[in-house]
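Chemist: Provided below: structure24.pdb, containing PDB, C-alpha atoms and all ligand atoms.
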ATOM      1  CA  MET M1232      78.489  82.742  85.322
ATOM      2  CA  CYS M1233      80.920  85.602  85.726
ATOM      3  CA  LYS M1234      80.649  86.994  89.213
ATOM      4  CA  ARG M1235      83.033  89.872  89.483
ATOM      5  CA  GLU M1236      83.505  91.461  92.831
ATOM      6  CA  ILE M1237      83.046  95.211  93.095
ATOM      7  CA  TYR M1238      85.325  96.862  95.628
ATOM      8  CA  VAL M1239      84.404 100.351  96.782
ATOM      9  CA  ASP M1240      86.850 102.659  98.557
ATOM     10  CA  MET M1241      85.663 104.718 101.543
ATOM     11  CA  ASP M1242      87.679 107.934 101.930
ATOM     12  CA  GLY M1243      87.180 110.283  99.001
ATOM     13  CA  VAL M1244      84.417 108.053  97.553
ATOM     14  CA  LEU M1245      81.802 107.561 100.308
ATOM     15  CA  ALA M1246      83.287 109.496 103.236
ATOM     16  CA  ASP M1247      84.476 113.103 103.003
ATOM     17  CA  PHE M1248      87.764 112.447 104.796
ATOM     18  CA  PHE M1249      89.727 115.197 103.059
ATOM     19  CA  GLY M1250      86.952 117.789 103.410
ATOM     20  CA  CYS M1251      86.619 117.016 107.123
ATOM     21  CA  LEU M1252      90.360 117.344 107.610
ATOM     22  CA  SER M1253      90.433 120.681 105.780
ATOM     23  CA  ARG M1254      87.533 122.008 107.864
ATOM     24  CA  GLN M1255      89.022 120.803 111.134
ATOM     25  CA  TYR M1256      92.259 122.693 110.454
ATOM     26  CA  SER M1257      90.683 125.578 108.508
ATOM     27  CA  VAL M1258      92.887 125.051 105.467
ATOM     28  CA  PRO M1259      91.643 125.323 101.888
ATOM     29  CA  ASN M1260      93.612 122.239 100.773
ATOM     30  CA  TRP M1261      94.250 119.197 102.971
ATOM     31  CA  LYS M1262      97.529 118.534 101.166
ATOM     32  CA  THR M1263      99.113 121.329 103.210
ATOM     33  CA  LEU M1264      98.631 118.997 106.216
ATOM     34  CA  ILE M1265     101.009 116.403 104.744
ATOM     35  CA  ASP M1266     104.540 116.339 106.102
ATOM     36  CA  PRO M1267     106.836 117.324 103.173
ATOM     37  CA  LYS M1268     109.679 115.288 104.727
ATOM     38  CA  ASP M1269     107.567 112.138 105.035
ATOM     39  CA  LYS M1270     105.098 112.149 102.158
ATOM     40  CA  PRO M1271     102.689 109.387 103.278
ATOM     41  CA  GLN M1272     102.376 110.919 106.748
ATOM     42  CA  PHE M1273     100.387 113.824 108.046
ATOM     43  CA  LYS M1274     102.140 116.533 110.049
ATOM     44  CA  LYS M1275     102.659 115.684 113.690
ATOM     45  CA  HIS M1276      99.970 117.989 115.058
ATOM     46  CA  VAL M1277      97.433 116.271 112.792
ATOM     47  CA  THR M1278      98.433 112.749 113.749
ATOM     48  CA  ASP M1279      98.418 113.769 117.417
ATOM     49  CA  ASP M1280      94.787 114.862 116.999
ATOM     50  CA  VAL M1281      93.529 112.132 114.676
ATOM     51  CA  TYR M1282      95.377 109.040 115.913
ATOM     52  CA  GLY M1283      93.357 107.352 118.636
ATOM     53  CA  SER M1284      90.451 109.793 118.211
ATOM     54  CA  ASP M1285      86.873 109.355 116.951
ATOM     55  CA  PHE M1286      87.671 111.346 113.807
ATOM     56  CA  PHE M1287      87.004 108.499 111.361
ATOM     57  CA  SER M1288      83.624 107.520 112.787
ATOM     58  CA  ASN M1289      82.440 111.130 112.539
ATOM     59  CA  ILE M1290      83.389 111.879 108.949
ATOM     60  CA  LYS M1291      80.566 113.324 106.886
ATOM     61  CA  LYS M1292      79.043 111.020 104.291
ATOM     62  CA  PHE M1293      79.115 112.445 100.762
ATOM     63  CA  ASN M1294      75.707 113.424  99.393
ATOM     64  CA  ASP M1295      76.207 111.088  96.418
ATOM     65  CA  ALA M1296      77.288 108.084  98.505
ATOM     66  CA  ASP M1297      73.904 106.346  98.777
ATOM     67  CA  ASN M1298      73.177 106.809  95.095
ATOM     68  CA  LEU M1299      76.596 105.469  94.182
ATOM     69  CA  ILE M1300      76.017 102.330  96.244
ATOM     70  CA  LYS M1301      72.517 101.873  94.832
ATOM     71  CA  MET M1302      73.951 102.109  91.335
ATOM     72  CA  VAL M1303      76.762  99.670  92.059
ATOM     73  CA  SER M1304      74.261  97.221  93.561
ATOM     74  CA  LYS M1305      72.109  97.480  90.430
ATOM     75  CA  TYR M1306      74.989  96.385  88.186
ATOM     76  CA  SER M1307      76.712  93.897  90.449
ATOM     77  CA  LYS M1308      75.205  90.414  90.711
ATOM     78  CA  ASN M1309      77.171  89.965  93.831
ATOM     79  CA  GLY M1310      76.781  92.942  96.185
ATOM     80  CA  TYR M1311      79.805  95.088  96.993
ATOM     81  CA  THR M1312      82.738  95.009  99.364
ATOM     82  CA  LEU M1313      84.412  97.971 101.037
ATOM     83  CA  LEU M1314      88.152  98.043 100.421
ATOM     84  CA  THR M1315      89.832 100.650 102.536
ATOM     85  CA  THR M1316      93.318 101.505 103.768
ATOM     86  CA  PRO M1317      93.657 102.139 107.485
ATOM     87  CA  LEU M1318      95.623 105.224 108.512
ATOM     88  CA  PRO M1319      99.324 104.249 108.641
ATOM     89  CA  GLY M1320     100.508 104.177 112.236
ATOM     90  CA  ASP M1321      97.004 103.892 113.705
ATOM     91  CA  GLU M1322      95.715 100.824 111.888
ATOM     92  CA  LYS M1323      93.789  98.924 114.560
ATOM     93  CA  HIS M1324      92.062 102.003 115.887
ATOM     94  CA  THR M1325      91.130 103.297 112.420
ATOM     95  CA  GLN M1326      89.588  99.926 111.611
ATOM     96  CA  LYS M1327      87.283 100.095 114.628
ATOM     97  CA  GLN M1328      86.331 103.679 113.804
ATOM     98  CA  LYS M1329      85.566 102.837 110.182
ATOM     99  CA  ILE M1330      83.344  99.939 111.246
ATOM    100  CA  ILE M1331      81.389 102.386 113.440
ATOM    101  CA  TRP M1332      81.053 104.705 110.430
ATOM    102  CA  VAL M1333      79.709 101.887 108.241
ATOM    103  CA  LYS M1334      77.149 100.853 110.867
ATOM    104  CA  LYS M1335      76.037 104.470 111.119
ATOM    105  CA  HIS M1336      75.856 105.293 107.425
ATOM    106  CA  LEU M1337      75.399 102.156 105.313
ATOM    107  CA  ILE M1338      72.472 100.513 107.066
ATOM    108  CA  ASP M1339      70.171 100.266 104.056
ATOM    109  CA  LEU M1340      72.697  98.830 101.603
ATOM    110  CA  PRO M1341      75.426  97.296 103.733
ATOM    111  CA  PRO M1342      78.604  95.876 102.198
ATOM    112  CA  LYS M1343      79.146  92.129 102.117
ATOM    113  CA  GLU M1344      82.407  92.694 103.897
ATOM    114  CA  ILE M1345      84.892  95.387 104.930
ATOM    115  CA  ILE M1346      88.469  94.631 103.953
ATOM    116  CA  PHE M1347      91.317  96.686 105.395
ATOM    117  CA  GLU M1348      94.192  96.621 102.962
ATOM    118  CA  ASN M1349      97.220  98.695 102.039
ATOM    119  CA  LYS M1350      97.696  96.974  98.682
ATOM    120  CA  LYS M1351      94.334  97.085  96.971
ATOM    121  CA  GLU M1352      95.781  95.406  93.881
ATOM    122  CA  ASN M1353      95.878  92.146  95.869
ATOM    123  CA  TRP M1354      92.137  91.962  95.136
ATOM    124  CA  ALA M1355      92.339  92.653  91.385
ATOM    125  CA  ILE M1356      91.774  89.055  90.305
ATOM    126  CA  LYS M1357      89.427  86.328  91.445
ATOM    127  CA  LYS M1358      90.285  82.739  90.620
ATOM    128  CA  ASP M1359      87.420  80.531  89.480
ATOM    129  CA  GLY M1360      88.900  77.114  88.745
ATOM    130  CA  ASP M1361      91.301  77.707  85.858
ATOM    131  CA  LYS M1362      89.665  80.994  85.015
ATOM    132  CA  GLU M1363      90.764  84.394  86.262
ATOM    133  CA  ILE M1364      88.028  86.957  86.716
ATOM    134  CA  ALA M1365      88.880  90.659  86.759
ATOM    135  CA  ASN M1366      87.347  92.418  89.742
ATOM    136  CA  VAL M1367      86.280  96.063  89.763
ATOM    137  CA  LEU M1368      87.651  98.833  92.002
ATOM    138  CA  ILE M1369      85.991 102.220  92.496
ATOM    139  CA  ASP M1370      88.586 104.491  94.123
ATOM    140  CA  ASP M1371      89.539 108.176  94.201
ATOM    141  CA  HIS M1372      93.280 107.584  94.332
ATOM    142  CA  ASN M1373      95.016 107.364  90.981
ATOM    143  CA  VAL M1374      97.850 105.127  92.196
ATOM    144  CA  ASN M1375      95.381 102.578  93.608
ATOM    145  CA  CYS M1376      93.517 102.525  90.284
ATOM    146  CA  GLU M1377      96.703 102.090  88.257
ATOM    147  CA  ASN M1378      98.069  99.311  90.478
ATOM    148  CA  PHE M1379      94.736  97.470  90.415
ATOM    149  CA  GLN M1380      94.611  97.716  86.642
ATOM    150  CA  ASN M1381      98.240  96.588  86.293
ATOM    151  CA  LYS M1382      97.377  93.422  88.221
ATOM    152  CA  GLY M1383      94.584  92.647  85.777
ATOM    153  CA  GLY M1384      91.614  94.302  87.483
ATOM    154  CA  ILE M1385      89.231  96.942  86.173
ATOM    155  CA  SER M1386      89.353 100.281  87.939
ATOM    156  CA  ILE M1387      87.064 103.266  87.854
ATOM    157  CA  ARG M1388      88.556 106.423  89.294
ATOM    158  CA  TYR M1389      85.851 108.344  91.084
ATOM    159  CA  GLN M1390      86.376 111.403  93.264
ATOM    160  CA  SER M1391      83.123 112.393  94.915
ATOM    161  CA  GLY M1392      82.364 116.064  94.352
ATOM    162  CA  ILE M1393      84.555 116.129  91.242
ATOM    163  CA  ASP M1394      83.364 113.211  89.085
ATOM    164  CA  THR M1395      79.708 112.521  88.329
ATOM    165  CA  LEU M1396      77.676 109.383  88.958
ATOM    166  CA  GLU M1397      76.832 109.366  85.247
ATOM    167  CA  TYR M1398      80.541 108.944  84.552
ATOM    168  CA  VAL M1399      80.660 105.880  86.849
ATOM    169  CA  GLU M1400      77.475 104.461  85.359
ATOM    170  CA  ASN M1401      78.864 104.732  81.830
ATOM    171  CA  LYS M1402      81.927 102.776  82.952
ATOM    172  CA  LEU M1403      79.797 100.132  84.720
ATOM    173  CA  LYS M1404      77.655  99.710  81.599
ATOM    174  CA  GLN M1405      80.744  98.721  79.630
ATOM    175  CA  ILE M1406      81.558  95.882  82.044
ATOM    176  CA  ASN M1407      79.989  92.488  81.572
ATOM    177  CA  PHE M1408      78.772  91.462  84.986
TER     178      PHE M1408
HETATM  179 MG    MG Q1501      90.316 106.951  98.958
END
As structure tokens, please, write out the structure in this file.
Modeler:
Amino acid sequence: MCKREIYVDMDGVLADFFGCLSRQYSVPNWKTLIDPKDKPQFKKHVTDDVYGSDFFSNIKKFNDADNLIKMVSKYSKNGYTLLTTPLPGDEKHTQKQKIIWVKKHLIDLPPKEIIFENKKENWAIKKDGDKEIANVLIDDHNVNCENFQNKGGISIRYQSGIDTLEYVENKLKQINF
């Protein structure tokens, strides 16, 4: 039996990381908080505040998060796994904070596992004897989705607050679980 894994991203999918950042710094778009000289990094005043803080455990959960997880659990024969990238430069601390967040917010439908990973495409394929099974990634970040797909996985780009759950459900319906 085909048992694909479903990997669900946290920030931008379940947790309103970008909204919380924007509110904390009273900016309309969080992208203004990125350092233009060092694209993957936030500006120093942001990292000074966020690194080592309880920011990640206190992020608001998206209103749609529970329904998304319920839907995923309905289609998956195999539960779901959280696949999330820790904040570069503050990895160990972010991991602890994210675990606190999960214990606070995902009590009713907990993930099988939380995997902290920079390269989500490493989880695109599951080997089952000689067979290769394509896993599924639900993620808000286009590059993650493309890389996962390029490694043979199936990705569904979902940005909470922008995309609808119906959109995700239509994609899930097309996958043979
Ligand atoms: Mg994300």
Chemist: Would you kindly translate the PyMOL selection byres (((not hetatm)) within 9 of (chain Q and resi 1501)) into the concrete residues it picks from this file, as a PDB file with C-alpha atoms, in the coordinates of the input?
Modeler:
ATOM      1  CA  ASP M1240      86.850 102.659  98.557  1.00  0.00           C
ATOM      2  CA  MET M1241      85.663 104.718 101.543  1.00  0.00           C
ATOM      3  CA  ASP M1242      87.679 107.934 101.930  1.00  0.00           C
ATOM      4  CA  GLY M1243      87.180 110.283  99.001  1.00  0.00           C
ATOM      5  CA  VAL M1244      84.417 108.053  97.553  1.00  0.00           C
ATOM      6  CA  LEU M1245      81.802 107.561 100.308  1.00  0.00           C
ATOM      7  CA  ALA M1246      83.287 109.496 103.236  1.00  0.00           C
ATOM      8  CA  PHE M1248      87.764 112.447 104.796  1.00  0.00           C
ATOM      9  CA  THR M1315      89.832 100.650 102.536  1.00  0.00           C
ATOM     10  CA  THR M1316      93.318 101.505 103.768  1.00  0.00           C
ATOM     11  CA  ASP M1370      88.586 104.491  94.123  1.00  0.00           C
ATOM     12  CA  ASP M1371      89.539 108.176  94.201  1.00  0.00           C
ATOM     13  CA  HIS M1372      93.280 107.584  94.332  1.00  0.00           C
ATOM     14  CA  ASN M1375      95.381 102.578  93.608  1.00  0.00           C
ATOM     15  CA  GLN M1390      86.376 111.403  93.264  1.00  0.00           C
TER      16      GLN M1390
END
Chemist: Name every residue that the PyMOL selection byres (((chain M and resi 1278-1292) around 9) and not hetatm) selects in this structure, writing the answer as JSON, numbers by chain with chains first and numbers rising.
Modeler: {"M": [1245, 1246, 1247, 1248, 1250, 1251, 1252, 1272, 1273, 1274, 1275, 1276, 1277, 1293, 1294, 1295, 1296, 1297, 1318, 1320, 1321, 1324, 1325, 1326, 1327, 1328, 1329, 1330, 1331, 1332, 1333, 1335, 1336]}
Chemist: Measuring atom to atom with only C-alpha atoms, identify which of M:Val1367, M:Val1258, M:Leu1337, M:Ile1393 is nearest to Ser1307 in chain M.
Modeler: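 Ranking M:Val1367, M:Val1258, M:Leu1337, M:Ile1393 by distance to Ser1307 in chain M, first place goes to M:Val1367.
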Chemist: Interatomic distance between CA of Asp1361 in chain M and CA of Phe1408 in chain M?
Modeler: 18.6 Å
Chemist: Which centre and edge lengths in Å to one decimal define the box along x, y and z that fits every listed atom of range 1355-1368 of chain M plus 5 Å per side, as JSON?
Modeler:
{"center_x": 89.3, "center_y": 88.0, "center_z": 88.5, "size_x": 16.1, "size_y": 31.7, "size_z": 17.0}
Chemist: Nearest to Pro1317 in chain M: which of M:Arg1388, M:Lys1350, M:Arg1254, M:Lys1270 is it, counting only C-alpha atoms?
Modeler: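 For Pro1317 in chain M, the nearest of the given residues is M:Lys1350.
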Chemist: Any idea what the distance is between CA of Ser1257 in chain M and CA of Asp1269 in chain M?
Modeler: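 We find that CA of Ser1257 in chain M and CA of Asp1269 in chain M lie 21.9 Å from each other.
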Chemist: Could you list, as a list in words, every residue within 7 Å of Lys1382 in chain M, counting only C-alpha atoms and ignoring same-chain residues fewer than 3 positions away?
Modeler: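 That gives Glu1352, Ala1355, Asn1378 and Phe1379 of chain M.
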Chemist: When the PyMOL selection byres (((chain M and resi 1309) around 8) and not hetatm) is applied to the structure above, which residues does it catch, written out as a PyMOL selection string?
Modeler: chain M and resi 1234-1237+1304+1307-1308+1310-1311
Chemist: In Å to one decimal, how far is CA of Asn1298 in chain M from CA of Leu1340 in chain M?
Modeler: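 Here the two named atoms are 10.3 Å from each other.
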